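Chemist: File input04.cif below, mmCIF, C-alpha atoms:
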data_query
#
loop_
_atom_site.label_atom_id
_atom_site.label_comp_id
_atom_site.auth_asym_id
_atom_site.auth_seq_id
_atom_site.Cartn_x
_atom_site.Cartn_y
_atom_site.Cartn_z
CA MET W 22 -161.62 184.43 6.28
CA THR W 23 -162.48 184.11 2.61
CA GLU W 24 -165.34 181.93 1.39
CA ALA W 25 -164.37 178.68 -0.32
CA VAL W 26 -166.36 179.65 -3.42
CA GLU W 27 -163.84 182.39 -4.23
CA GLY W 28 -161.25 179.79 -5.16
CA TRP W 29 -157.87 178.64 -3.94
CA PRO W 30 -155.73 181.70 -4.91
CA VAL W 31 -157.97 183.98 -2.85
CA THR W 32 -158.06 181.53 0.06
CA ARG W 33 -154.28 181.04 -0.11
CA ALA W 34 -153.62 184.79 -0.08
CA SER W 35 -156.00 185.22 2.85
CA VAL W 36 -154.38 182.39 4.86
CA LEU W 37 -150.86 183.70 4.15
CA ARG W 38 -151.88 187.22 5.21
CA THR W 39 -153.29 185.84 8.44
CA ALA W 40 -150.15 183.77 9.04
CA LEU W 41 -147.84 186.73 8.50
CA SER W 42 -149.80 189.12 10.69
CA VAL W 43 -150.00 186.55 13.50
CA GLY W 44 -146.26 185.98 13.05
CA VAL W 45 -145.47 189.69 13.34
CA ALA W 46 -147.71 190.19 16.38
CA THR W 47 -146.29 187.13 18.14
CA GLY W 48 -142.72 187.80 17.06
CA ALA W 49 -142.96 191.15 18.82
CA TYR W 50 -143.33 189.27 22.11
CA GLY W 51 -140.01 187.63 21.34
CA VAL W 52 -138.36 191.01 21.97
CA SER W 53 -139.71 191.06 25.51
CA PHE W 54 -138.73 187.42 26.01
CA GLY W 55 -135.16 188.15 24.88
CA ALA W 56 -134.94 191.18 27.14
CA LEU W 57 -136.41 189.32 30.13
CA GLY W 58 -134.11 186.33 29.60
CA VAL W 59 -130.99 188.45 29.80
CA ALA W 60 -132.45 190.50 32.67
CA GLY W 61 -133.09 187.20 34.51
CA GLY W 62 -129.42 186.28 34.36
CA LEU W 63 -129.27 184.09 31.25
CA SER W 64 -126.63 184.66 28.59
CA VAL W 65 -127.62 185.83 25.10
CA VAL W 66 -126.81 182.33 23.75
CA GLN W 67 -128.93 180.61 26.43
CA THR W 68 -131.84 182.98 25.80
CA CYS W 69 -131.70 182.43 22.03
CA ALA W 70 -131.28 178.65 22.47
CA MET W 71 -134.54 178.60 24.45
CA SER W 72 -136.46 180.25 21.62
CA VAL W 73 -135.07 177.77 19.07
CA LEU W 74 -135.30 174.59 21.17
CA LEU W 75 -138.38 175.17 23.35
CA PHE W 76 -140.31 177.33 20.89
CA THR W 77 -143.39 177.58 23.04
CA GLY W 78 -143.81 180.99 24.63
CA GLY W 79 -145.61 180.03 27.83
CA SER W 80 -142.99 177.45 28.80
CA GLN W 81 -140.15 179.83 27.92
CA PHE W 82 -141.53 182.65 30.08
CA ALA W 83 -142.20 180.15 32.88
CA LEU W 84 -138.63 178.82 32.84
CA ILE W 85 -136.93 182.24 32.87
CA GLY W 86 -139.46 183.36 35.49
CA VAL W 87 -138.39 180.57 37.85
CA LEU W 88 -134.66 180.77 37.04
CA GLY W 89 -134.62 184.58 37.18
CA GLY W 90 -136.61 184.54 40.44
CA GLY W 91 -133.98 182.35 42.08
CA GLY W 92 -136.04 179.13 41.82
CA SER W 93 -134.39 175.75 41.26
CA PRO W 94 -133.77 174.56 37.70
CA VAL W 95 -135.75 171.38 38.50
CA SER W 96 -138.92 173.24 39.51
CA GLY W 97 -138.41 175.59 36.56
CA THR W 98 -138.25 172.60 34.23
CA ALA W 99 -141.31 170.98 35.83
CA SER W 100 -143.55 174.03 35.50
CA ALA W 101 -142.32 174.78 31.98
CA VAL W 102 -143.01 171.21 30.80
CA LEU W 103 -146.43 171.24 32.52
CA LEU W 104 -147.31 174.32 30.49
CA GLY W 105 -146.32 172.43 27.35
CA VAL W 106 -149.03 169.82 28.03
CA ARG W 107 -151.57 171.94 26.15
CA ASN W 108 -149.53 171.32 23.00
CA VAL W 109 -150.63 167.64 23.22
CA VAL W 110 -154.23 168.84 22.88
CA TYR W 111 -153.23 171.12 20.01
CA GLY W 112 -151.27 168.36 18.26
CA ALA W 113 -154.17 165.91 18.62
CA SER W 114 -156.65 168.40 17.15
CA LEU W 115 -154.26 169.03 14.22
CA ALA W 116 -153.27 165.38 13.59
CA GLY W 117 -156.35 164.51 11.51
CA MET W 118 -155.99 167.43 9.08
CA LEU W 119 -152.19 167.46 8.84
CA ARG W 120 -151.67 163.67 8.62
CA LEU W 121 -147.88 164.03 8.93
CA HIS W 122 -145.49 161.08 8.72
CA GLY W 123 -141.75 160.50 9.11
CA LEU W 124 -139.51 163.54 8.89
CA ARG W 125 -142.43 165.92 8.27
CA ARG W 126 -144.01 164.87 11.56
CA LEU W 127 -140.70 165.32 13.41
CA VAL W 128 -140.26 168.83 11.93
CA GLY W 129 -143.94 169.74 12.15
CA ALA W 130 -144.08 168.79 15.84
CA GLN W 131 -141.77 171.66 16.77
CA LEU W 132 -144.20 174.10 15.08
CA VAL W 133 -147.22 172.94 17.14
CA ILE W 134 -147.93 176.08 19.18
CA ASP W 135 -150.90 178.29 20.13
CA GLU W 136 -150.72 180.41 17.00
CA SER W 137 -150.17 177.76 14.29
CA THR W 138 -153.00 175.71 15.83
CA ALA W 139 -155.31 178.69 15.97
CA VAL W 140 -154.72 179.68 12.33
CA ALA W 141 -154.97 176.07 11.09
CA LEU W 142 -158.24 175.52 12.95
CA GLY W 143 -159.50 178.94 11.87
CA ALA W 144 -158.87 178.05 8.22
CA GLU W 145 -160.68 174.70 8.57
CA PRO W 146 -163.98 175.94 7.04
CA ASN W 147 -162.01 176.61 3.83
CA GLY W 148 -160.84 173.01 3.59
CA GLU W 149 -157.91 170.88 4.74
CA ARG W 150 -155.57 172.42 2.19
CA ALA W 151 -156.12 175.86 3.73
CA SER W 152 -155.66 174.40 7.22
CA ARG W 153 -152.37 172.75 6.30
CA LEU W 154 -151.10 175.95 4.69
CA GLY W 155 -152.23 177.88 7.77
CA PHE W 156 -150.30 175.55 10.06
CA TRP W 157 -147.01 175.56 8.13
CA ALA W 158 -147.07 179.24 7.14
CA THR W 159 -147.93 180.43 10.65
CA GLY W 160 -145.53 178.01 12.34
CA LEU W 161 -142.62 179.05 10.11
CA ALA W 162 -143.46 182.78 10.22
CA VAL W 163 -143.66 182.73 14.01
CA PHE W 164 -140.50 180.56 14.27
CA VAL W 165 -138.40 182.95 12.17
CA LEU W 166 -139.76 186.17 13.67
CA TRP W 167 -139.83 184.85 17.26
CA ASN W 168 -136.18 183.84 17.07
CA LEU W 169 -135.03 187.05 15.35
CA ALA W 170 -136.96 189.07 17.91
CA THR W 171 -135.46 187.07 20.79
CA LEU W 172 -131.98 187.89 19.52
CA VAL W 173 -132.84 191.58 19.15
CA GLY W 174 -134.39 191.66 22.63
CA ALA W 175 -131.50 189.81 24.25
CA LEU W 176 -128.96 192.17 22.63
CA ALA W 177 -130.91 195.33 23.35
CA GLY W 178 -131.78 194.31 26.89
CA SER W 179 -134.65 196.01 28.57
CA VAL W 180 -134.39 199.18 26.45
CA ILE W 181 -137.08 198.19 23.92
CA GLY W 182 -138.97 195.57 25.90
CA ASP W 183 -142.25 197.46 26.19
CA THR W 184 -144.51 195.85 23.57
CA ALA W 185 -147.54 196.86 25.68
CA ALA W 186 -147.07 200.52 24.68
CA LEU W 187 -147.71 199.44 21.08
CA GLY W 188 -150.85 197.58 22.09
CA LEU W 189 -149.44 194.26 20.89
CA ASP W 190 -150.74 192.49 24.00
CA ALA W 191 -154.25 193.37 22.76
CA ALA W 192 -153.46 192.23 19.21
CA ALA W 193 -152.95 188.57 20.19
CA PRO W 194 -156.33 187.99 21.90
CA ALA W 195 -158.07 189.97 19.13
CA ALA W 196 -156.50 187.59 16.61
CA PHE W 197 -157.78 184.57 18.56
CA LEU W 198 -161.26 186.14 18.74
CA ALA W 199 -161.26 186.85 14.98
CA LEU W 200 -160.34 183.20 14.36
CA LEU W 201 -163.07 182.01 16.72
CA TRP W 202 -165.81 184.28 15.28
CA PRO W 203 -166.80 182.29 12.15
CA ARG W 204 -167.16 179.13 14.28
CA LEU W 205 -169.83 180.68 16.51
CA ASN W 206 -172.70 179.55 14.31
CA SER W 207 -174.90 177.54 16.69
CA ARG W 208 -176.11 177.41 20.28
CA PRO W 209 -173.70 174.61 21.31
CA THR W 210 -170.69 176.52 19.92
CA TRP W 211 -171.71 179.76 21.68
CA LEU W 212 -172.30 177.88 24.95
CA THR W 213 -168.96 176.09 24.63
CA ALA W 214 -167.07 179.31 23.85
CA LEU W 215 -168.62 181.31 26.70
CA THR W 216 -168.21 178.47 29.22
CA ALA W 217 -164.60 177.80 28.19
CA ALA W 218 -163.72 181.51 28.38
CA LEU W 219 -165.35 181.85 31.80
CA VAL W 220 -163.75 178.67 33.19
CA ALA W 221 -160.31 179.70 31.92
CA VAL W 222 -160.53 183.23 33.36
CA LEU W 223 -161.83 181.98 36.72
CA ALA W 224 -158.96 179.47 36.89
CA VAL W 225 -156.27 182.11 36.31
CA PRO W 226 -155.63 183.07 39.97
CA PHE W 227 -155.48 179.45 41.15
CA VAL W 228 -153.22 177.60 38.70
CA PRO W 229 -149.91 178.40 36.93
CA ALA W 230 -150.04 180.40 33.69
CA GLY W 231 -150.93 178.20 30.71
CA VAL W 232 -153.00 175.73 32.75
CA PRO W 233 -156.34 177.67 32.51
CA VAL W 234 -156.48 176.94 28.77
CA LEU W 235 -155.92 173.24 29.53
CA ILE W 236 -158.79 173.22 32.01
CA ALA W 237 -161.04 174.97 29.45
CA ALA W 238 -160.20 172.20 26.97
CA LEU W 239 -162.15 169.86 29.27
CA VAL W 240 -165.38 171.85 28.68
CA PRO W 241 -166.30 170.21 25.33
CA ALA W 242 -165.33 166.79 26.71
CA ILE W 243 -167.75 167.22 29.63
CA ALA W 244 -170.45 168.63 27.30
CA VAL W 245 -170.16 165.69 24.89
CA MET W 246 -170.18 163.12 27.73
CA ALA W 247 -173.21 164.76 29.38
CA ARG W 248 -175.17 164.75 26.14
CA ARG W 249 -174.27 161.07 25.58
CA ARG W 250 -175.63 160.18 29.01
CA THR W 251 -178.92 162.03 28.57
CA ALA W 252 -179.42 160.81 24.96
CA MET F 18 -129.15 170.80 37.54
CA THR F 19 -127.43 173.64 35.71
CA THR F 20 -129.17 176.34 33.67
CA TRP F 21 -128.19 174.55 30.47
CA GLY F 22 -129.51 171.29 31.94
CA ALA F 23 -132.86 172.94 32.67
CA ILE F 24 -133.02 174.41 29.15
CA LEU F 25 -132.25 171.08 27.46
CA ALA F 26 -134.55 169.03 29.71
CA THR F 27 -137.42 171.48 29.14
CA ALA F 28 -136.75 171.48 25.41
CA ALA F 29 -136.85 167.66 25.28
CA GLY F 30 -140.03 167.54 27.38
CA CYS F 31 -141.84 170.20 25.36
CA TYR F 32 -140.86 168.63 22.02
CA LEU F 33 -142.01 165.14 23.07
CA LEU F 34 -145.38 166.56 24.18
CA LYS F 35 -145.85 168.25 20.79
CA LEU F 36 -144.89 165.03 18.99
CA ALA F 37 -147.21 162.93 21.19
CA GLY F 38 -150.19 165.10 20.19
CA LEU F 39 -149.45 164.73 16.47
CA SER F 40 -149.01 160.97 16.90
CA VAL F 41 -152.47 160.20 18.31
CA PRO F 42 -153.74 157.31 16.12
CA GLN F 43 -156.32 158.10 13.42
CA ARG F 44 -158.86 155.54 14.72
CA VAL F 45 -158.91 157.33 18.08
CA LEU F 46 -159.66 160.57 16.23
CA GLU F 47 -162.47 158.92 14.22
CA HIS F 48 -164.32 157.65 17.31
CA PRO F 49 -167.81 159.33 17.42
CA VAL F 50 -167.07 161.06 20.73
CA MET F 51 -163.77 162.38 19.35
CA ALA F 52 -165.51 163.50 16.14
CA ARG F 53 -168.00 165.59 18.13
CA MET F 54 -165.17 166.78 20.36
CA SER F 55 -163.15 167.96 17.38
CA ASP F 56 -165.94 170.42 16.48
CA LEU F 57 -166.10 171.93 19.94
CA LEU F 58 -162.47 171.63 21.09
CA PRO F 59 -161.12 174.41 18.83
CA VAL F 60 -163.99 176.65 19.92
CA ALA F 61 -163.10 176.06 23.58
CA LEU F 62 -159.35 176.53 23.02
CA LEU F 63 -159.71 179.73 20.97
CA ALA F 64 -162.25 181.21 23.41
CA ALA F 65 -160.07 180.34 26.42
CA LEU F 66 -156.90 181.75 24.81
CA ALA F 67 -158.66 184.98 23.83
CA ALA F 68 -160.21 185.39 27.29
CA VAL F 69 -157.04 184.58 29.26
CA GLN F 70 -154.90 186.90 27.15
CA THR F 71 -157.47 189.69 27.55
CA PHE F 72 -158.14 189.48 31.28
CA SER F 73 -154.93 188.22 32.87
CA THR F 74 -151.25 188.90 33.39
CA GLY F 75 -149.33 185.96 34.82
CA ASP F 76 -151.58 184.47 37.50
CA SER F 77 -153.65 187.56 38.30
CA LEU F 78 -156.83 188.88 36.71
CA VAL F 79 -156.39 192.36 35.25
CA LEU F 80 -158.74 194.88 33.66
CA ASP F 81 -156.67 197.19 31.45
CA ALA F 82 -156.53 198.73 27.97
CA ARG F 83 -156.68 195.25 26.41
CA VAL F 84 -160.38 194.97 27.37
CA ALA F 85 -161.16 198.15 25.41
CA GLY F 86 -159.10 196.75 22.52
CA MET F 87 -161.19 193.58 22.55
CA ALA F 88 -164.44 195.57 22.68
CA VAL F 89 -163.34 197.43 19.55
CA ALA F 90 -162.41 194.08 17.97
CA VAL F 91 -165.94 192.78 18.62
CA VAL F 92 -167.44 195.88 16.96
CA ALA F 93 -165.09 195.42 13.99
CA LEU F 94 -166.14 191.76 13.71
CA LEU F 95 -169.84 192.70 13.84
CA LEU F 96 -169.13 195.15 10.98
CA ARG F 97 -167.50 192.23 9.09
CA ALA F 98 -164.09 193.92 9.00
CA PRO F 99 -161.19 191.83 7.62
CA PHE F 100 -158.80 190.03 9.99
CA LEU F 101 -155.98 192.60 9.85
CA VAL F 102 -158.37 195.49 10.54
CA VAL F 103 -159.79 193.66 13.58
CA VAL F 104 -156.33 192.99 15.02
CA GLY F 105 -154.99 196.44 14.11
CA ALA F 106 -158.00 198.21 15.64
CA ALA F 107 -157.57 196.29 18.91
CA ALA F 108 -153.84 197.12 19.13
CA ALA F 109 -154.37 200.78 18.19
CA THR F 110 -157.13 201.17 20.79
CA ALA F 111 -154.96 199.69 23.58
CA ALA F 112 -151.91 201.74 22.54
CA LEU F 113 -153.95 204.97 22.34
CA LEU F 114 -155.54 204.44 25.78
CA ARG F 115 -152.10 203.85 27.33
CA LEU F 116 -150.75 206.96 25.62
CA ILE F 117 -153.57 209.10 27.05
CA ASN F 118 -153.27 207.72 30.59
#
Show the structure stored in the file as C-alpha cells.
Modeler:
Amino acid sequence: MTEAVEGWPVTRASVLRTALSVGVATGAYGVSFGALGVAGGLSVVQTCAMSVLLFTGGSQFALIGVLGGGGSPVSGTASAVLLGVRNVVYGASLAGMLRLHGLRRLVGAQLVIDESTAVALGAEPNGERASRLGFWATGLAVFVLWNLATLVGALAGSVIGDTAALGLDAAAPAAFLALLWPRLNSRPTWLTALTAALVAVLAVPFVPAGVPVLIAALVPAIAVMARRRTA
Amino acid sequence: MTTWGAILATAAGCYLLKLAGLSVPQRVLEHPVMARMSDLLPVALLAALAAVQTFSTGDSLVLDARVAGMAVAVVALLLRAPFLVVVGAAAATAALLRLIN
C-alpha cells in the first residue's frame, strides 16, 4: 500500500491495482464454481443465477455441495445462509467508513464479501476515501469477473476447472496476508492476528466451512472485554 | 423445496445478512468498546481468512503447496515487495511445486 503523503492519484492507482488483481484471482475461482455447479446437477442458468444472486463464494459452494451430494434443499439453504453470517460482521466493520444510505446501501450490500471487505480495510490507513474506493472497485471487479467466470466454467464443465494447477488457491491467502501486514504494528495486533489464525485453523475440522472465520472474529471481542475487566 | 426454491431462499437470506451488517447504527459503532474492536476486528478477520485458506480444504486441515506459497509471500513482504509481486510469487511457488510433483 502507498503512503498517504504521496497523494491521492498514487493512492488511487494503488487501490485500483489491488482491486483488479484481487478480482482476477477471485474470479478464477468462479470457473471452478461454474464447473462444479453443472457437475452437481444444476443447469447452466441455475449455476449462473447463484453467482449473481448469492454472490458470496462460501455459501455458493456450500449450497451446490449439499444439492450435488444428494442433500435436501432445506439443509443446503440452512448451511449456505449460516455461512453468510460472517457478512454481517464484514458489513458492520464497513458501515462506519462507507456510510451508505438509500439505494447505494441496497446496491452496496450485495458487494459485501470477503474480498471487498479485505481491500477496504487494507486501504484504511490511507484514509476513508481510499477505503471506499477499495470497497466499490473490488466489489464490482469481483462481481463482473466472478459472474463471467461462472458462465465460462458452467459452459466448459469440468474441462478447465483446475485453478489449483495455476497456484490460484495460494494467491488468495497471500493477498489477505499482504493486506494484513501493514496492520501488524503493535503487540496487541500481533497477538490478535496469531490467536485468530490459530483459533480459525483449529476450528476447521469441527465446524462447517466458513464458520472458523466467524469464531475467530470473537477473538478481539474477548480481548477487549478481558482488558476492560482488568483495567 | 425445489432447487430454484433453495437458490432463491439462500439468495434472500444472504442478501439480508449483508444489508443487516451495513445497517448497524452509527452510535453502536461509536461506543468505546466497538471503537477498540474496530481496530482489532479487521486484523482477526484477515488473519483468520489467510490461515484458513492456507491450511484447509473444506472441513479438513491440509498441508500442501499453498504453505510454501505463503512462506514465499512472507519473505516477499519482509523484502517490502509490492502487493502484486507478493501475490504472484505465492501463486507461482504453489504452481511450480505442483508441476514438479
Chemist: Enumerate, as a compact mmCIF listing (two decimals) with C-alpha atoms, in the frame of the given file, the residues matched when the PyMOL selection byres ((chain W and resi 55) around 9) is run on the file above.
Modeler:
# COMPACT_ATOMS: atom_id res chain seq x y z
CA TYR W 50 -143.33 189.27 22.11
CA GLY W 51 -140.01 187.63 21.34
CA VAL W 52 -138.36 191.01 21.97
CA SER W 53 -139.71 191.06 25.51
CA PHE W 54 -138.73 187.42 26.01
CA ALA W 56 -134.94 191.18 27.14
CA LEU W 57 -136.41 189.32 30.13
CA GLY W 58 -134.11 186.33 29.60
CA VAL W 59 -130.99 188.45 29.80
CA ALA W 60 -132.45 190.50 32.67
CA VAL W 65 -127.62 185.83 25.10
CA THR W 68 -131.84 182.98 25.80
CA CYS W 69 -131.70 182.43 22.03
CA SER W 72 -136.46 180.25 21.62
CA ASN W 168 -136.18 183.84 17.07
CA ALA W 170 -136.96 189.07 17.91
CA THR W 171 -135.46 187.07 20.79
CA LEU W 172 -131.98 187.89 19.52
CA VAL W 173 -132.84 191.58 19.15
CA GLY W 174 -134.39 191.66 22.63
CA ALA W 175 -131.50 189.81 24.25
CA LEU W 176 -128.96 192.17 22.63
CA ALA W 177 -130.91 195.33 23.35
CA GLY W 178 -131.78 194.31 26.89
CA SER W 179 -134.65 196.01 28.57
CA GLY W 182 -138.97 195.57 25.90
Chemist: Which neighbours of range 49-51 of chain F fall inside 12 Å, counting all atoms listed in the file, when residues of the same chain fewer than 6 positions from it are skipped, and could you give them as number ranges by chain?
Modeler: W: 113-114, 117, 241-250; F: 41-43, 57-58
Chemist: Run the PyMOL selection byres ((chain F and resi 106) around 12) mentally over the shown coordinates, then write out the matched residues as a ChimeraX atom specification, using the chain letters and numbers from the document.
Modeler: /W:187-189,191-193,195-196,199 /F:83,85-94,98-105,107-113
Chemist: Quick one, how far is CA of Arg44 in chain F from CA of Phe76 in chain W?
Modeler: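 Going from CA of Arg44 in chain F over to CA of Phe76 in chain W covers 29.3 Å.
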Chemist: Please determine the contact residues of chain W with respect to chain F at a cut-off of 6 Å, counting only C-alpha atoms, and supply them as number ranges by chain.
Modeler: W: 74-75, 94, 98, 102, 105, 108-109, 112-113, 116, 130, 186-189, 191-192, 194-198, 201, 213-214, 217-218, 221-222, 225-226, 230, 234, 238, 241
Chemist: Would you put the residues from that selection into a file with C-alpha atoms, as a PDB file, in the frame of the given file?
Modeler:
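The result, stored in again34.pdb:
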ATOM      1  CA  LEU W  74    -135.300 174.590  21.170  1.00  0.00           C
ATOM      2  CA  LEU W  75    -138.380 175.170  23.350  1.00  0.00           C
ATOM      3  CA  PRO W  94    -133.770 174.560  37.700  1.00  0.00           C
ATOM      4  CA  THR W  98    -138.250 172.600  34.230  1.00  0.00           C
ATOM      5  CA  VAL W 102    -143.010 171.210  30.800  1.00  0.00           C
ATOM      6  CA  GLY W 105    -146.320 172.430  27.350  1.00  0.00           C
ATOM      7  CA  ASN W 108    -149.530 171.320  23.000  1.00  0.00           C
ATOM      8  CA  VAL W 109    -150.630 167.640  23.220  1.00  0.00           C
ATOM      9  CA  GLY W 112    -151.270 168.360  18.260  1.00  0.00           C
ATOM     10  CA  ALA W 113    -154.170 165.910  18.620  1.00  0.00           C
ATOM     11  CA  ALA W 116    -153.270 165.380  13.590  1.00  0.00           C
ATOM     12  CA  ALA W 130    -144.080 168.790  15.840  1.00  0.00           C
ATOM     13  CA  ALA W 186    -147.070 200.520  24.680  1.00  0.00           C
ATOM     14  CA  LEU W 187    -147.710 199.440  21.080  1.00  0.00           C
ATOM     15  CA  GLY W 188    -150.850 197.580  22.090  1.00  0.00           C
ATOM     16  CA  LEU W 189    -149.440 194.260  20.890  1.00  0.00           C
ATOM     17  CA  ALA W 191    -154.250 193.370  22.760  1.00  0.00           C
ATOM     18  CA  ALA W 192    -153.460 192.230  19.210  1.00  0.00           C
ATOM     19  CA  PRO W 194    -156.330 187.990  21.900  1.00  0.00           C
ATOM     20  CA  ALA W 195    -158.070 189.970  19.130  1.00  0.00           C
ATOM     21  CA  ALA W 196    -156.500 187.590  16.610  1.00  0.00           C
ATOM     22  CA  PHE W 197    -157.780 184.570  18.560  1.00  0.00           C
ATOM     23  CA  LEU W 198    -161.260 186.140  18.740  1.00  0.00           C
ATOM     24  CA  LEU W 201    -163.070 182.010  16.720  1.00  0.00           C
ATOM     25  CA  THR W 213    -168.960 176.090  24.630  1.00  0.00           C
ATOM     26  CA  ALA W 214    -167.070 179.310  23.850  1.00  0.00           C
ATOM     27  CA  ALA W 217    -164.600 177.800  28.190  1.00  0.00           C
ATOM     28  CA  ALA W 218    -163.720 181.510  28.380  1.00  0.00           C
ATOM     29  CA  ALA W 221    -160.310 179.700  31.920  1.00  0.00           C
ATOM     30  CA  VAL W 222    -160.530 183.230  33.360  1.00  0.00           C
ATOM     31  CA  VAL W 225    -156.270 182.110  36.310  1.00  0.00           C
ATOM     32  CA  PRO W 226    -155.630 183.070  39.970  1.00  0.00           C
ATOM     33  CA  ALA W 230    -150.040 180.400  33.690  1.00  0.00           C
ATOM     34  CA  VAL W 234    -156.480 176.940  28.770  1.00  0.00           C
ATOM     35  CA  ALA W 238    -160.200 172.200  26.970  1.00  0.00           C
ATOM     36  CA  PRO W 241    -166.300 170.210  25.330  1.00  0.00           C
TER      37      PRO W 241
END
Chemist: Report as a VMD selection string the residues that result from applying the PyMOL selection byres ((chain W and resi 147-161) around 6) to the structure here.
Modeler: chain W and resid 25 36 40 118 to 119 132 137 140 to 141 144 to 146 162 to 164
Chemist: Which one of W:Leu63, W:Val73, W:Ala46, W:Leu212 sits closest to Gly86 in chain W if you count all atoms listed in the file?
Modeler: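 Closest residue, counting all atoms listed in the file: W:Leu63.
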Chemist: Go ahead and compute the interatomic distance for CA of Ala101 in chain W and CA of Ala83 in chain W, in Å to one decimal.
Modeler: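 Distance reported for this atom pair: 5.4 Å.
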Chemist: Separation of CA of Gly62 in chain W and CA of Gly89 in chain W, in Å?
Modeler: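 Atom-to-atom, CA of Gly62 in chain W and CA of Gly89 in chain W are spaced 6.2 Å apart.
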